[in-house]
Amino acid sequence: MRVQRTLAMLAGLLALGAMLPAAAATYRIDDTGTFASQPVTPMRWRQLAPGRAGDHTVEGRVQVQLRLNLSQWVSRPARIYLSLAPTDGEQLVATWRTQGRLLPGTVRGGSRTLVYEGVVRDSFLQESIVLDLTADGRKVEHAQSLQFFFEIEVSP
Amino acid sequence: MKSLSFRMRRALLGLAVACVAWLPSAHGFTVGITAGQRALFLQVGVGTMSGGFFNNGGTPGDNSTVNTASVTVPVAQLGSGAPQLMTTDSTVTASPWEGAAFCNSPATTGQVYVGGFFRRPGQGAGGNEAILSVTTPAALTSGNGDTIPFSRIAWTSSGNGDATATIPSGTFVSGGTQTLLTVSRNTWFESCLAFSYLNTEIVPAGTFTGRATFTLTAP
């Protein structure tokens, strides 16, 4: 009786395992050759004067030429994310437009956003994006470096 | 010596080649950003804006005009203690923020527009506030050398839509600098000041003049 119950539990666990997709592995993508159009992006007040409405947004724009080395994952289905490391103080928001090879989107400091889903076709993915950066200017007290990186998820 | 130099060059060349060969791959890119710029703006009386108002991208300019507020006291009222409302040559009614009519007909109400802002990134300790102050001499003086203490001039503050005036009403001090308003970081302020001569004493006939200078100071 006890053997039967154990076998039933084991079968159940195996069935559950078969239903769950295998955990995807995540890797940082080598983006050697990626460069921004300017080393420092000046953040400007959206409204020079705070005014009665009190708009304290600062914004800046930078163009980035991307070159992602995907040679390890050619012909494999994958998801690619653009991540922004946590920023100092206020969460900064980055929104980007693309030429169509990657998806446009928005990311906040400390999070990531899907920019590609599908089979990896080529060893290198080159794309030009325009990054629009916004933040509460009251909370951006000093110059800082925003760390962007790409991650790829592939099934083992 | 030459051979040493040659050897060094060869060594440097070898190092350079090695560096290229061992160049690490990058796994991310960096975008540097700056904080927003500091800014301070004060308008007393007439000002200069080009390209619209602040709220639609207008740009302020320097304006060196010194406006006047004046009154002629009727003989029957001399020293009666009845305040005499001053009129002004300022024509400003519109707020430079968005152009709304904030003051009322200066020619009849004597209202002089005073407004500005203090922009500064950050909200930590220190440097949080700007100070709006006004400096006056001890007295207004006439061509004959007669004087009226500057403290005989007061103002009433208001603004269309303001339940309470931002710059409080008050009276000038006779010589010195007085604080009118503490301006918090990243805030806008404006009021319309209507000046009055308090007319509390009989003074010799003449035209008495004096200048009040408004200053906005940021740390």
# chains A, B, ... in the order shown; residues from 1 in each chain; ligands from 1
$ residues_around --residues "B:Asn63" --least-positions-apart "5" --cutoff "9 Å" --atoms "only C-alpha atoms" --output "list in words"
Gln43, Val46, Gly47 and Thr48 of chain B
$ residues_around --residues "stretch 45-60 of chain A" --least-positions-apart "4" --cutoff "9 Å" --atoms "only C-alpha atoms" --output "count of residues only"
33
$ residues_around --residues "B:Pro204" --least-positions-apart "6" --cutoff "12 Å" --atoms "only C-alpha atoms" --output "ChimeraX atom specification"
/B:73,75,78-79,141-148
$ residues_around --residues "stretch 96-112 of chain A" --least-positions-apart "3" --cutoff "7 Å" --atoms "only C-alpha atoms" --output "PyMOL selection string"
chain A and resi 81-87+91-93+115-116+127-132
$ closest_residue --among "B:Gly176, B:Arg38, B:Thr209, B:Ala26" --to "A:Asn69" --atoms "only C-alpha atoms"
B:Ala26
$ residues_around --residues "B:Phe150" --least-positions-apart "2" --cutoff "8 Å" --atoms "only C-alpha atoms" --output "tab-separated table (two decimals) with N, CA and C atoms, in the first residue's frame"
chain	number	residue	atom	x	y	z
B	136	THR	N	16.97	99.94	1.16
B	136	THR	CA	16.56	101.34	1.01
B	136	THR	C	17.52	102.25	1.77
B	137	PRO	N	17.65	103.48	1.31
B	137	PRO	CA	18.43	104.46	2.08
B	137	PRO	C	17.61	104.90	3.29
B	138	ALA	N	18.22	105.73	4.12
B	138	ALA	CA	17.52	106.18	5.33
B	138	ALA	C	16.30	107.03	5.00
B	139	ALA	N	16.41	107.80	3.93
B	139	ALA	CA	15.32	108.74	3.66
B	139	ALA	C	15.22	109.08	2.19
B	140	LEU	N	14.04	109.56	1.82
B	140	LEU	CA	13.88	110.18	0.51
B	140	LEU	C	14.33	111.63	0.69
B	148	ILE	N	12.41	112.74	4.04
B	148	ILE	CA	11.27	111.98	4.60
B	148	ILE	C	11.80	110.57	4.85
B	152	ARG	N	8.22	105.84	5.84
B	152	ARG	CA	6.91	106.45	5.60
B	152	ARG	C	6.25	105.89	4.34
B	153	ILE	N	6.88	104.89	3.78
B	153	ILE	CA	6.28	104.26	2.60
B	153	ILE	C	5.99	102.79	2.93
B	172	PHE	N	8.72	99.82	4.45
B	172	PHE	CA	10.18	99.91	4.32
B	172	PHE	C	10.80	100.31	5.64
B	173	VAL	N	12.06	99.89	5.80
B	173	VAL	CA	12.83	100.39	6.96
B	173	VAL	C	13.59	101.62	6.50
B	174	SER	N	13.92	102.45	7.44
B	174	SER	CA	14.67	103.67	7.10
B	174	SER	C	16.16	103.38	7.08
B	175	GLY	N	16.59	102.89	5.99
B	175	GLY	CA	18.01	102.59	5.81
B	175	GLY	C	18.34	101.16	6.19
B	210	GLY	N	13.85	108.63	-3.72
B	210	GLY	CA	14.73	107.62	-3.13
B	210	GLY	C	14.54	106.32	-3.88
$ select_by_dssp --residues "chain A" --states "strand (DSSP E)" --output "PyMOL selection string"
chain A and resi 25-28+35-36+40-41+44-45+57-69+77-84+93-97+105-108+111-119+124-136+144-154
$ write_last_selection --atoms "C-alpha atoms" --output "compact mmCIF listing (two decimals), in the first residue's frame"
# COMPACT_ATOMS: atom_id res chain seq x y z
CA ALA A 25 19.58 30.46 -18.69
CA THR A 26 20.42 34.16 -18.65
CA TYR A 27 23.66 35.64 -19.95
CA ARG A 28 25.01 39.14 -20.30
CA PHE A 35 29.07 53.51 -28.28
CA ALA A 36 27.06 56.58 -27.34
CA VAL A 40 28.01 63.08 -21.27
CA THR A 41 24.37 63.97 -21.79
CA ARG A 44 17.95 70.12 -18.93
CA TRP A 45 14.89 71.31 -17.05
CA THR A 57 11.45 67.16 -14.81
CA VAL A 58 14.91 67.13 -16.32
CA GLU A 59 15.44 65.43 -19.65
CA GLY A 60 18.24 64.51 -21.98
CA ARG A 61 18.70 62.65 -25.26
CA VAL A 62 21.53 60.51 -26.56
CA GLN A 63 21.93 58.28 -29.58
CA VAL A 64 23.55 54.89 -29.09
CA GLN A 65 24.99 52.63 -31.77
CA LEU A 66 24.53 49.06 -30.59
CA ARG A 67 26.53 46.02 -31.61
CA LEU A 68 25.47 42.86 -29.83
CA ASN A 69 27.52 39.70 -30.20
CA PRO A 77 15.04 30.95 -29.69
CA ALA A 78 15.84 33.67 -27.23
CA ARG A 79 14.61 36.73 -25.41
CA ILE A 80 16.81 39.80 -25.16
CA TYR A 81 16.34 42.46 -22.51
CA LEU A 82 17.76 45.93 -22.04
CA SER A 83 18.58 46.51 -18.38
CA LEU A 84 19.40 49.65 -16.45
CA VAL A 93 13.37 56.57 -16.76
CA ALA A 94 14.91 55.72 -20.11
CA THR A 95 12.69 55.48 -23.19
CA TRP A 96 14.07 54.51 -26.57
CA ARG A 97 13.14 54.43 -30.21
CA GLY A 105 10.38 50.56 -24.86
CA THR A 106 10.94 52.08 -21.46
CA VAL A 107 13.04 50.97 -18.54
CA ARG A 108 13.53 52.30 -15.02
CA SER A 111 14.73 46.85 -14.03
CA ARG A 112 14.78 45.46 -17.55
CA THR A 113 12.55 45.49 -20.64
CA LEU A 114 12.14 42.99 -23.47
CA VAL A 115 13.62 44.23 -26.74
CA TYR A 116 13.72 41.03 -28.79
CA GLU A 117 11.91 37.71 -28.80
CA GLY A 118 12.49 35.10 -31.46
CA VAL A 119 15.15 32.99 -33.09
CA PHE A 124 25.86 40.26 -34.64
CA LEU A 125 22.86 42.49 -34.17
CA GLN A 126 23.49 46.14 -34.98
CA GLU A 127 20.94 48.77 -34.17
CA SER A 128 20.76 52.51 -33.61
CA ILE A 129 18.59 53.69 -30.76
CA VAL A 130 17.65 57.13 -29.47
CA LEU A 131 17.51 57.21 -25.69
CA ASP A 132 15.32 59.81 -23.99
CA LEU A 133 16.17 60.15 -20.33
CA THR A 134 13.89 61.79 -17.77
CA ALA A 135 14.01 62.19 -14.01
CA ASP A 136 12.86 64.45 -11.22
CA GLN A 144 26.32 60.19 -12.61
CA SER A 145 26.90 57.29 -14.96
CA LEU A 146 23.97 55.19 -16.08
CA GLN A 147 24.90 51.56 -16.60
CA PHE A 148 22.96 49.87 -19.38
CA PHE A 149 23.47 46.25 -20.41
CA PHE A 150 21.77 43.56 -22.44
CA GLU A 151 20.77 40.14 -21.19
CA ILE A 152 19.74 37.14 -23.22
CA GLU A 153 17.54 34.30 -22.04
CA VAL A 154 17.80 30.99 -23.86
$ residues_around --residues "B:Asn128" --least-positions-apart "6" --cutoff "10 Å" --atoms "only C-alpha atoms" --output "list in words"
Phe118, Arg119, Arg120, Pro121, Gly122, Thr182, Val183, Ser184, Arg185, Asn186, Ala218 and Pro219 of chain B
$ residues_around --residues "stretch 154-165 of chain B" --least-positions-apart "3" --cutoff "10 Å" --atoms "only C-alpha atoms" --output "PyMOL selection string"
chain B and resi 83+85-86+93+95+100-104+110-114+150-151+168-173+189-198
$ write_last_selection --atoms "N, CA and C atoms" --output "tab-separated table (two decimals), in the first residue's frame"
chain	number	residue	atom	x	y	z
B	83	PRO	N	-3.19	107.66	4.36
B	83	PRO	CA	-2.21	107.17	3.38
B	83	PRO	C	-2.60	107.60	1.96
B	85	LEU	N	-2.20	106.69	-1.88
B	85	LEU	CA	-1.81	105.63	-2.81
B	85	LEU	C	-0.92	106.18	-3.92
B	86	MET	N	0.16	105.50	-4.16
B	86	MET	CA	1.09	105.93	-5.21
B	86	MET	C	0.73	105.23	-6.52
B	93	THR	N	0.95	93.88	-16.12
B	93	THR	CA	-0.13	93.16	-15.44
B	93	THR	C	0.06	91.66	-15.58
B	95	SER	N	1.72	87.92	-15.79
B	95	SER	CA	2.77	87.10	-15.19
B	95	SER	C	3.67	86.55	-16.30
B	100	ALA	N	-0.87	85.28	-17.79
B	100	ALA	CA	-2.17	85.59	-17.18
B	100	ALA	C	-2.13	86.95	-16.50
B	101	ALA	N	-3.29	87.64	-16.50
B	101	ALA	CA	-3.36	88.96	-15.85
B	101	ALA	C	-3.28	88.76	-14.35
B	102	PHE	N	-2.13	89.04	-13.78
B	102	PHE	CA	-1.94	88.78	-12.35
B	102	PHE	C	-2.10	90.06	-11.54
B	103	CYS	N	-1.65	91.18	-12.11
B	103	CYS	CA	-1.84	92.48	-11.46
B	103	CYS	C	-2.94	93.24	-12.18
B	104	ASN	N	-3.44	94.29	-11.52
B	104	ASN	CA	-4.50	95.10	-12.10
B	104	ASN	C	-3.97	96.48	-12.46
B	110	GLY	N	-1.59	101.32	-8.93
B	110	GLY	CA	-0.21	101.49	-8.47
B	110	GLY	C	0.52	100.17	-8.27
B	111	GLN	N	-0.06	99.06	-8.72
B	111	GLN	CA	0.55	97.75	-8.48
B	111	GLN	C	1.82	97.55	-9.32
B	112	VAL	N	2.87	97.18	-8.64
B	112	VAL	CA	4.14	96.87	-9.31
B	112	VAL	C	4.35	95.37	-9.21
B	113	TYR	N	4.55	94.76	-10.36
B	113	TYR	CA	4.76	93.30	-10.38
B	113	TYR	C	6.13	92.95	-9.81
B	114	VAL	N	6.18	91.97	-8.91
B	114	VAL	CA	7.45	91.42	-8.40
B	114	VAL	C	7.33	89.90	-8.43
B	150	PHE	N	12.35	106.75	4.93
B	150	PHE	CA	11.83	105.76	3.99
B	150	PHE	C	10.73	104.91	4.63
B	151	SER	N	10.73	104.87	5.95
B	151	SER	CA	9.70	104.09	6.65
B	151	SER	C	8.31	104.70	6.52
B	168	PRO	N	4.53	89.19	1.67
B	168	PRO	CA	3.65	89.85	2.64
B	168	PRO	C	3.64	91.38	2.46
B	169	SER	N	2.55	91.97	2.87
B	169	SER	CA	2.50	93.43	2.90
B	169	SER	C	3.47	93.92	3.97
B	170	GLY	N	3.90	95.17	3.84
B	170	GLY	CA	4.88	95.66	4.82
B	170	GLY	C	5.20	97.12	4.65
B	171	THR	N	6.20	97.54	5.36
B	171	THR	CA	6.67	98.92	5.35
B	171	THR	C	8.19	98.92	5.23
B	172	PHE	N	8.72	99.82	4.45
B	172	PHE	CA	10.18	99.91	4.32
B	172	PHE	C	10.80	100.31	5.64
B	173	VAL	N	12.06	99.89	5.80
B	173	VAL	CA	12.83	100.39	6.96
B	173	VAL	C	13.59	101.62	6.50
B	189	PHE	N	7.49	82.46	-7.33
B	189	PHE	CA	6.77	83.40	-6.46
B	189	PHE	C	6.42	84.63	-7.26
B	190	GLU	N	5.34	85.29	-6.88
B	190	GLU	CA	4.96	86.56	-7.52
B	190	GLU	C	3.90	87.24	-6.69
B	191	SER	N	3.95	88.55	-6.68
B	191	SER	CA	2.94	89.37	-6.02
B	191	SER	C	2.92	90.74	-6.70
B	192	CYS	N	1.85	91.46	-6.45
B	192	CYS	CA	1.73	92.82	-6.97
B	192	CYS	C	1.76	93.76	-5.76
B	193	LEU	N	2.72	94.66	-5.73
B	193	LEU	CA	2.88	95.55	-4.59
B	193	LEU	C	2.34	96.94	-4.94
B	194	ALA	N	1.38	97.38	-4.16
B	194	ALA	CA	0.82	98.73	-4.33
B	194	ALA	C	1.36	99.60	-3.19
B	195	PHE	N	2.14	100.62	-3.56
B	195	PHE	CA	2.84	101.43	-2.55
B	195	PHE	C	1.98	102.63	-2.12
B	196	SER	N	2.18	103.01	-0.86
B	196	SER	CA	1.46	104.17	-0.31
B	196	SER	C	2.42	105.04	0.50
B	197	TYR	N	2.19	106.34	0.43
B	197	TYR	CA	2.91	107.28	1.30
B	197	TYR	C	2.05	107.45	2.54
B	198	LEU	N	2.62	107.21	3.72
B	198	LEU	CA	1.81	107.17	4.95
B	198	LEU	C	1.34	108.54	5.39
$ closest_residue --among "B:Thr91, B:Thr177, B:Thr215, B:Thr30" --to "B:Gly115" --atoms "only C-alpha atoms"
B:Thr215
$ atom_distance --atom1 "atom CA of B:Asn199" --atom2 "atom CA of B:Thr108"
19.3 Å
